[in-house]
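Everything on this sheet refers to the single structure shown next.
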Amino acid sequence: MGYQLKMRVWRGDQSGGDLGDYTVEVSEGEVVLDALHRVQATQAGDLAIRWNCKAGKCGSCSAEINGRPRLLCMTRLSDFDETETITVTPLRTFPVIRDLVTDVSFNYEKARELPSFAPPPRDADNKRRMAQVDVERGQEFRKCIECFLCQNVCHVVRDHEENKPAFAGPRFFLRYAELDMHPLDTHDRRELAQGAAGLGMCNITKCCTEVCPEGIKITDNAIIPMKERVVDRKYDPLVWLGNKIGLRTKDNDGRTEP
Amino acid sequence: MSGTHPVNDRHPMTGNEMSGDAAGGMERHQYDVVVVGAGGAGLRAAIAAHDAGARTAIVCKSLLGKAHTVMAEGGIAAAMGNRWPEDNWEVHFRDTMRGGKMLNNWRMAQLHAQEAPERVMELEDWGALFDRTDDGLISQRDFGGHKYARLAHVGDRTGLEMIRTLQQRAVSLGIDVFMECTVTDVMLDKDDGGAVSGAFGYWRETGRFVLFETPSVVLATGGIGKSFKVTSNSWEYTGDGHALAMRAGASLINMEFVQFHPTGMVWPPSVKGLLVTESVRGDGGILKNSEGERFMFDYIPEYFKSETADTVEEADAWYDDKKSNRRPPELLPRDEVARAINSEIKAGRGTPHGGIYLDIASRRSPEFIRKRLPSMYHQFKELADVDITAEPMEIGPTCHYVMGGVEVDADTQQSAVTGLYAVGECSGGMHGSNRLGGNSLGDLLVFGKRAGEAATAYARSRDDDRPKVDEADVKAAERSALAPFEVEGGENPYTIQSDLQQSMNDLVGIIRTAPELERSLSEIEAFKVRAASMKVEGHRQYNPGWHLALDLRNMLVVSEAIAKAALAREESRGGHTRDDFPGPSEEWATKNLVVDLSADGTGIDLHEKPLPEMPEELRKYFEPAAAEPPAESKEGK
C-alpha cells in the first residue's frame, strides 16, 4: 500500500530560498504532515515546521499545499494522485522565518488592540444566565483555532503590506462579532470595528470562509451582520436624529463605547 | 513591584532584542514571577500573579494558544449543582479520592473540589461561552467516575474554550509572553540555600539564549506522553517540568501511574492514539467487541459493584432516570475501562484494526451526535472516512496523562526547592493513582491560581534581597545546550526518540511485569549512552533536530523514573497494572514512591514515603455507611 511520494518543499529564510525536491515513502491513511515528518526524520533533520496537536485542533501547521492554504495535518495524501508531486510552501501573507515557519506576530498584535469582554455583575445567586440559543451564535465563532489561514488568504493584506496597519482581518472580525453578539457584553464596539479594525475594507469575497478548516461562516455570519450593525448606527435616520437631539435610542442596546 | 511593564523594543512575537553580535550574546530580563508553559495551568498562574501585583512573564515552547489544553474535550469537573442540586464539594471530593484509589493527596483533592466551581464562574466572567441548561445556567454533563453530571462543557471542545478565554484575559492584562522559547535550566543561588534565582532558555526562532532573573519560577509544562509511541499527547509533552524540577533538586511522586485513556483512534496509522472523548460514553455510547457483545458488564470490579449497573436494561435506563438506576459500566473510571478493552483485544475479540467498537450511532440520533460531539464527528469524517452517526468507531487505549509529577505543598504548589512551583499535569498528588475525566481542567485552574499567588507572595518577600544568578552556571547551561552541535558522527535524535517510544510502549505500557520493566531499564541505559553522542545538523535558527535533542534528555530521565517506580510498586492500582501482582495490596495502600535525581546526576534514586494522613472529619466520607447515600437524596432536576 505504501508508495514513493514526490514532494517539493520550500527551504530558506528571510534572505531567500528555493523549492527542494524530496522523495519519501508514505502509506495509506497518512496526511501531508506525516510525509514532512518523515523527510525531517530521515533526510533533513533541520527542516523547520511549526506543528503541535496533529489533530486539526491547535491551528499551528498552516501552510500552502499546491498553492492552497491548508492545515498540513488535515490534508490527506489520498486527496492527491499517487503520481502527483505535492508542493508545500509557507503562508505568503506573513514574513518567512525559516522553511515552512512564518512570523505570524501580525495576528498577535491585532489581538492586543481588541477591547476585552465587559460583563455586568453576576446575578444575586452568584450565577449568570444566558439562553442556549443566544450563546450558540458566539460559539460558532469561538470554534476558531487561530490557524490564520483566513488572514493569509484575505486579499486586503495578502499582496498589500500597506493595508496591514489599518486592517485587523477576518479572524478579528469574528472576535468583534462574537463580542457584539454576546448576550451579556456591555460594550459597543461598532465604531472600533469600522474604524481601527478596518471592517469597511472587506468587500466580502468570502475567501476567508472558503479556507476555514472549522467551517465557520466568517463572511455570512460574522462580517456581514457586523457591517449591517455598523450601517444601522451610521445611516439609520431615526438613530441619527435621536443622537442629534440627545434622545436615547435603542440602537446601542444599553451598550457603551469602550 | 507593579503591574505595568516598561516599553521596550522587543520583537513583537519573539521578544528578541539582540543582534547576532551583541556583547555577551545573551538577552536578560528581570521579573518577579516567570511561568514556564502557557496551557491552562500556566495562563491561570500568570493571571493570578499579575493580579497579585507581580511583574510576570509567560515562557512557552509554542505560539500562545496552541498548548495541549486545546485538546481537552469533555469538560471541567466542578460541583456547581446546576443539574443536580445535591451535588457538592464533598461528593466531588469522595469521587476524586475513590477514582484515585485513595492514593491522592487528600488536601489537594479537597481544595480542588471546593474551589473548582468559582474558577469556572471566573472563566464565564472573562468571556467563556459554556453550553447552557434549560434555565440558562452552565450545563453539566456525565463522565466516568463522577456520581452526578458535573462537567461544565462547550460541546466537545471545552479545552479550546478554556485556553482561548485565559489567553484573551492574559493578553488584555498586558502580561509579557515569550513565545516559542524553551527553558532548559532552572538557575539556583547556592549561597542562598539553593533558592531559585532564574530560568535559562533559548529562542526557538533564532537559537539564541535568554536568561530570566527571577526569584519565582512556576513550572506548568504538562506531561510526558511523548515518551510513548501510542499517545494522545502533542510533541511538547516531553516531561520538561518534571526533568527541570529534578535537576533543580525537587522530587517527583507517583511516577508509576500513567493513565491510558480507554478510547484513542486506532486507524489510520498516522492518527493512532488520537483522543476520542469520554463524552461519547457520557452521552450514551457503548463498547462492543467483534462478536457484538457489550462486554463491560464482565469487568465490573468489586470496588465499584454497588454503584454500577449489572444489566443492560438498568444501564440504559440510567441516562434518563438516575434516581432508580445505577451507572452503566462504560462509565467506570478510565483505568478500569482501559484494562477491560486491553483484555478483550488480547482475547482475540478485537476489530480488524486491532481495537474495539465504540458505538453511539445505533443509540442516538444523528442530530444529537452532531450537536453534542461536533469535533468527534469532524475528526472521524476528515481523518478516517468514518461517519460516527452511521457506524461505530474503532478505538483502543492510548497514553493520555501522567498522574505523577513534582511533589508540592498542597496549598501553595511549592516544591522542595524555595521559589520553585509546579502546577497542572507536571505536579503530582492531586489525582492519586488514577485521574477522573474532567478533573484535569479543574486542577489547572484551582492550582494555577494558588501557585501564581504563592509565587508572588514569596517574590514580594524577596524584593530587597533577590537570589543571584551565578555566571558560571550560565556558561555551563550554554555549553550543555550547544553540546549536540559539537559531536562528530553521532546518531540522529529522531531515531533515538522513536526507539525510546517503541520501548516504553512495549515494556512500560498498560500491563506491566517485572522482567519487562527490568528490560526497559537496561534499554533506557543504552538510550542514554546513545543520546550522549547524538548529533544535529544545520545551525541554531529554528532547528527542530536540535530542539528534539534537548527535549530528549528530559524524556529519558522521566522514562527512567516511570520504569523504576513501576518496577518497585509490587501491586496493581489505578494507572499501574502489574500482571505479576494483579490486585491492590494493603501494604502499598499508604505509600508514595518518591523519585530524585541521583547524586551524580546520571540516574534516578527511589524511596518510599508514607501518604499524608487524612483528618478524621474527611475520613467519614469513606466509611461503609457513607458509600451509598439513600436513594431519595439522588433526585435530579
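Within each chain, counting starts at residue 1; across the C-alpha cells, chains are named A, B, ... in the order shown, with ligands numbered 1 upward in that order.
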
How close does each residue of chain A get to chain B, giving the shortest atom pair and distance in Å to one decimal for every residue with an atom at most 7 Å away, counting only C-alpha atoms, sorted by chain and residue number, as a tab-separated table?
residue	atom	partner	partner_atom	distance
A:Gly29	CA	B:Pro268	CA	5.0
A:Glu30	CA	B:Ser270	CA	5.4
A:Asp34	CA	B:Ser270	CA	6.9
A:Ala41	CA	B:Tyr494	CA	5.6
A:Gly45	CA	B:Gly545	CA	5.1
A:Asp46	CA	B:Asn543	CA	4.9
A:Leu47	CA	B:Asn543	CA	6.9
A:Ala48	CA	B:Tyr542	CA	6.1
A:Asn52	CA	B:Ser234	CA	5.5
A:Cys53	CA	B:Ser234	CA	4.9
A:Lys57	CA	B:Met71	CA	6.5
A:Cys58	CA	B:Lys66	CA	5.1
A:Ser60	CA	B:Lys66	CA	6.9
A:Arg98	CA	B:Tyr542	CA	6.7
A:Ser105	CA	B:Met13	CA	4.9
A:Arg112	CA	B:Val171	CA	6.2
A:Ser116	CA	B:Ser172	CA	6.4
A:Phe117	CA	B:Gly127	CA	5.8
A:Pro119	CA	B:Asp125	CA	6.6
A:Arg128	CA	B:Leu137	CA	6.5
A:Arg129	CA	B:Gly136	CA	4.5
A:Met130	CA	B:Gly136	CA	4.7
A:Ala131	CA	B:Gly136	CA	4.9
A:Gln132	CA	B:Arg132	CA	5.2
A:Val135	CA	B:Leu129	CA	6.2
A:Gln139	CA	B:Leu129	CA	6.5

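Assigned to alpha helix (DSSP H) in stretch 243-316 of chain B, given DSSP computed from backbone atoms, are Ala243, Leu244, Ala245, Met246, Arg247, Ala248, Ser279, Val280, Arg281, Gly282, Val312, Glu313, Glu314, Ala315 and Asp316 of chain B.
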
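Distances here use only C-alpha atoms; by that measure, the residue among B:Met108, B:Ile395, B:Ala390, B:Ala483 closest to B:Pro352 is B:Ile395.
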
Leaving out A:Cys147 and any residue of its chain fewer than 6 positions from it, which residues lie within 10 Å of it when counting only C-alpha atoms, given as a list in words?
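Skipping anything fewer than 6 positions along the chain leaves Gly56, Lys57, Cys58, Gly59, Ser60, Cys61, Ser62, Ala63, Arg70, Leu71, Val104, Arg171, Cys212, Pro213 and Glu214 of chain A; Lys66 of chain B.
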
Using only C-alpha atoms, can you tell me which of A:Asn126, A:Val230, A:Ala55, A:Leu5 comes closest to B:Val120?
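Checking each of A:Asn126, A:Val230, A:Ala55, A:Leu5 against B:Val120, counting only C-alpha atoms, the winner is A:Asn126.
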
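Put simply, atom CA of B:His353 is 21.7 Å away from atom CA of A:Ala35.
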
Residue neighbourhood stretch 329-337 of chain B, 10 Å, only C-alpha atoms, exclusion window fewer than 4 positions, as a short mmCIF file (atom, residue, chain, number, x, y, z; two decimals) with N, CA and C atoms, in the first residue's frame:
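What follows is the written file selection02.cif:
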data_model
loop_
_atom_site.label_atom_id
_atom_site.label_comp_id
_atom_site.auth_asym_id
_atom_site.auth_seq_id
_atom_site.Cartn_x
_atom_site.Cartn_y
_atom_site.Cartn_z
N ASP B 95 -15.61 11.24 45.12
CA ASP B 95 -15.43 10.64 43.79
C ASP B 95 -13.95 10.68 43.38
N ARG B 98 -11.83 8.22 45.48
CA ARG B 98 -12.11 6.83 45.11
C ARG B 98 -11.58 6.52 43.71
N GLY B 99 -11.71 7.49 42.79
CA GLY B 99 -11.16 7.30 41.44
C GLY B 99 -9.66 7.11 41.49
N GLY B 100 -8.98 7.80 42.41
CA GLY B 100 -7.52 7.69 42.54
C GLY B 100 -7.11 6.56 43.45
N ASP B 142 -22.44 14.19 32.16
CA ASP B 142 -21.97 12.98 32.84
C ASP B 142 -20.60 12.57 32.34
N PHE B 143 -19.81 12.00 33.26
CA PHE B 143 -18.49 11.50 32.91
C PHE B 143 -18.14 10.34 33.83
N GLY B 144 -17.18 9.54 33.42
CA GLY B 144 -16.77 8.38 34.20
C GLY B 144 -16.34 8.74 35.61
N GLY B 145 -16.84 7.97 36.60
CA GLY B 145 -16.39 8.12 37.97
C GLY B 145 -17.03 9.25 38.74
N HIS B 146 -17.78 10.12 38.06
CA HIS B 146 -18.45 11.22 38.76
C HIS B 146 -19.89 10.83 39.05
N VAL B 258 0.56 6.08 35.10
CA VAL B 258 0.37 6.70 33.79
C VAL B 258 -1.02 6.31 33.31
N GLN B 259 -1.81 7.30 32.93
CA GLN B 259 -3.17 6.98 32.51
C GLN B 259 -3.22 6.66 31.02
N PHE B 260 -3.71 5.45 30.73
CA PHE B 260 -4.00 5.10 29.35
C PHE B 260 -5.48 5.34 29.15
N HIS B 261 -5.81 6.30 28.30
CA HIS B 261 -7.21 6.61 28.05
C HIS B 261 -7.80 5.45 27.28
N PRO B 262 -9.00 5.00 27.67
CA PRO B 262 -9.54 3.81 27.01
C PRO B 262 -9.80 4.01 25.52
N THR B 263 -10.11 5.25 25.13
CA THR B 263 -10.55 5.41 23.74
C THR B 263 -9.68 6.38 22.95
N GLU B 278 -14.28 10.93 26.18
CA GLU B 278 -15.11 10.14 27.07
C GLU B 278 -16.58 10.59 26.99
N SER B 279 -16.80 11.80 26.50
CA SER B 279 -18.18 12.29 26.36
C SER B 279 -19.00 11.38 25.46
N ARG B 281 -19.15 8.25 25.61
CA ARG B 281 -19.80 7.32 26.53
C ARG B 281 -20.73 8.05 27.49
N GLY B 282 -20.31 9.24 27.95
CA GLY B 282 -21.18 10.02 28.83
C GLY B 282 -22.51 10.35 28.17
N GLY B 284 -24.01 8.42 25.95
CA GLY B 284 -24.77 7.23 25.57
C GLY B 284 -24.03 6.18 24.77
N GLY B 285 -22.79 6.44 24.36
CA GLY B 285 -22.03 5.47 23.58
C GLY B 285 -21.67 4.23 24.39
N ILE B 286 -21.61 3.06 23.72
CA ILE B 286 -21.27 1.82 24.41
C ILE B 286 -20.11 1.12 23.70
N LEU B 287 -19.48 0.19 24.44
CA LEU B 287 -18.33 -0.54 23.91
C LEU B 287 -18.76 -1.95 23.53
N ARG B 294 -21.66 -6.44 24.40
CA ARG B 294 -21.38 -5.26 25.23
C ARG B 294 -20.65 -5.76 26.47
N PHE B 295 -19.31 -5.79 26.37
CA PHE B 295 -18.52 -6.61 27.29
C PHE B 295 -18.24 -5.98 28.65
N MET B 296 -18.50 -4.69 28.81
CA MET B 296 -18.10 -4.05 30.07
C MET B 296 -18.79 -4.65 31.30
N PHE B 297 -19.94 -5.30 31.08
CA PHE B 297 -20.62 -5.92 32.23
C PHE B 297 -19.77 -7.04 32.85
N ASP B 298 -18.84 -7.61 32.06
CA ASP B 298 -17.98 -8.67 32.58
C ASP B 298 -16.79 -8.13 33.37
N TYR B 299 -16.64 -6.81 33.43
CA TYR B 299 -15.42 -6.25 34.03
C TYR B 299 -15.71 -5.29 35.18
N ILE B 300 -16.83 -5.47 35.87
CA ILE B 300 -17.14 -4.55 36.97
C ILE B 300 -16.39 -5.01 38.22
N PRO B 301 -15.45 -4.22 38.72
CA PRO B 301 -14.67 -4.66 39.89
C PRO B 301 -15.49 -4.57 41.17
N PHE B 304 -16.42 -1.17 42.77
CA PHE B 304 -17.45 -0.28 42.22
C PHE B 304 -18.78 -1.00 42.00
N LYS B 305 -18.91 -2.24 42.48
CA LYS B 305 -20.11 -3.05 42.22
C LYS B 305 -21.39 -2.37 42.68
N GLU B 307 -22.27 0.60 42.89
CA GLU B 307 -22.75 1.79 42.19
C GLU B 307 -22.79 1.62 40.67
N THR B 308 -22.62 0.38 40.17
CA THR B 308 -22.59 0.14 38.73
C THR B 308 -23.72 -0.80 38.31
N ALA B 309 -24.40 -0.46 37.23
CA ALA B 309 -25.50 -1.29 36.73
C ALA B 309 -24.96 -2.63 36.26
N ASP B 310 -25.70 -3.73 36.56
CA ASP B 310 -25.22 -5.03 36.08
C ASP B 310 -26.11 -5.63 35.00
N THR B 311 -27.09 -4.89 34.53
CA THR B 311 -27.86 -5.36 33.38
C THR B 311 -27.94 -4.23 32.34
N VAL B 312 -28.14 -4.64 31.09
CA VAL B 312 -28.27 -3.66 30.01
C VAL B 312 -29.46 -2.74 30.27
N ALA B 315 -28.60 -0.13 32.90
CA ALA B 315 -27.60 0.81 32.38
C ALA B 315 -28.25 1.80 31.42
N ILE B 341 -10.72 -3.17 27.86
CA ILE B 341 -10.55 -3.14 26.41
C ILE B 341 -9.30 -3.93 26.02
N ASN B 342 -8.24 -3.72 26.78
CA ASN B 342 -6.99 -4.42 26.53
C ASN B 342 -7.20 -5.95 26.60
N SER B 343 -7.95 -6.41 27.60
CA SER B 343 -8.19 -7.84 27.74
C SER B 343 -8.99 -8.40 26.57
N PRO B 397 -6.81 1.72 23.75
CA PRO B 397 -6.16 2.56 24.76
C PRO B 397 -4.99 3.37 24.20
N SER B 433 -3.66 7.55 42.09
CA SER B 433 -3.19 6.55 41.13
C SER B 433 -3.96 6.61 39.82
N ASN B 434 -5.02 7.39 39.77
CA ASN B 434 -5.81 7.49 38.54
C ASN B 434 -6.63 8.77 38.57
N ARG B 435 -6.60 9.52 37.46
CA ARG B 435 -7.34 10.77 37.39
C ARG B 435 -8.72 10.53 36.79
N LEU B 436 -9.73 11.15 37.36
CA LEU B 436 -11.06 11.12 36.74
C LEU B 436 -11.10 12.12 35.59
N GLY B 437 -11.82 11.78 34.54
CA GLY B 437 -12.01 12.71 33.44
C GLY B 437 -12.65 13.98 33.98
N ILE B 510 0.40 -0.49 29.38
CA ILE B 510 -0.79 -0.57 30.21
C ILE B 510 -0.74 -1.77 31.17
N ARG B 573 -2.80 -0.94 40.94
CA ARG B 573 -3.66 0.11 41.49
C ARG B 573 -3.77 1.22 40.44
N GLY B 574 -5.00 1.63 40.13
CA GLY B 574 -5.19 2.77 39.23
C GLY B 574 -4.43 2.61 37.92
N GLY B 575 -3.63 3.59 37.58
CA GLY B 575 -2.91 3.59 36.31
C GLY B 575 -1.64 2.76 36.31
N HIS B 576 -1.54 1.83 37.24
CA HIS B 576 -0.35 0.96 37.31
C HIS B 576 -0.84 -0.48 37.48
N THR B 577 -0.71 -1.29 36.42
CA THR B 577 -1.20 -2.66 36.47
C THR B 577 -0.04 -3.62 36.29
#

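Atom CA of A:Phe80 lies 22.9 Å from atom CA of A:Asp18.
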
Would you pick out the contacts of A:Gly67 at 10 Å or less, using only C-alpha atoms, so that residues sharing its chain but fewer than 5 positions from it are not included, and give the list as a VMD selection string?
chain A and resid 86 to 92

What's the 12 Å shell around A:Met226, counting only C-alpha atoms, without same-chain residues fewer than 3 positions away, as number ranges by chain?
A: 170, 172-181, 188-194, 197-200, 202, 204, 218-223, 229-233
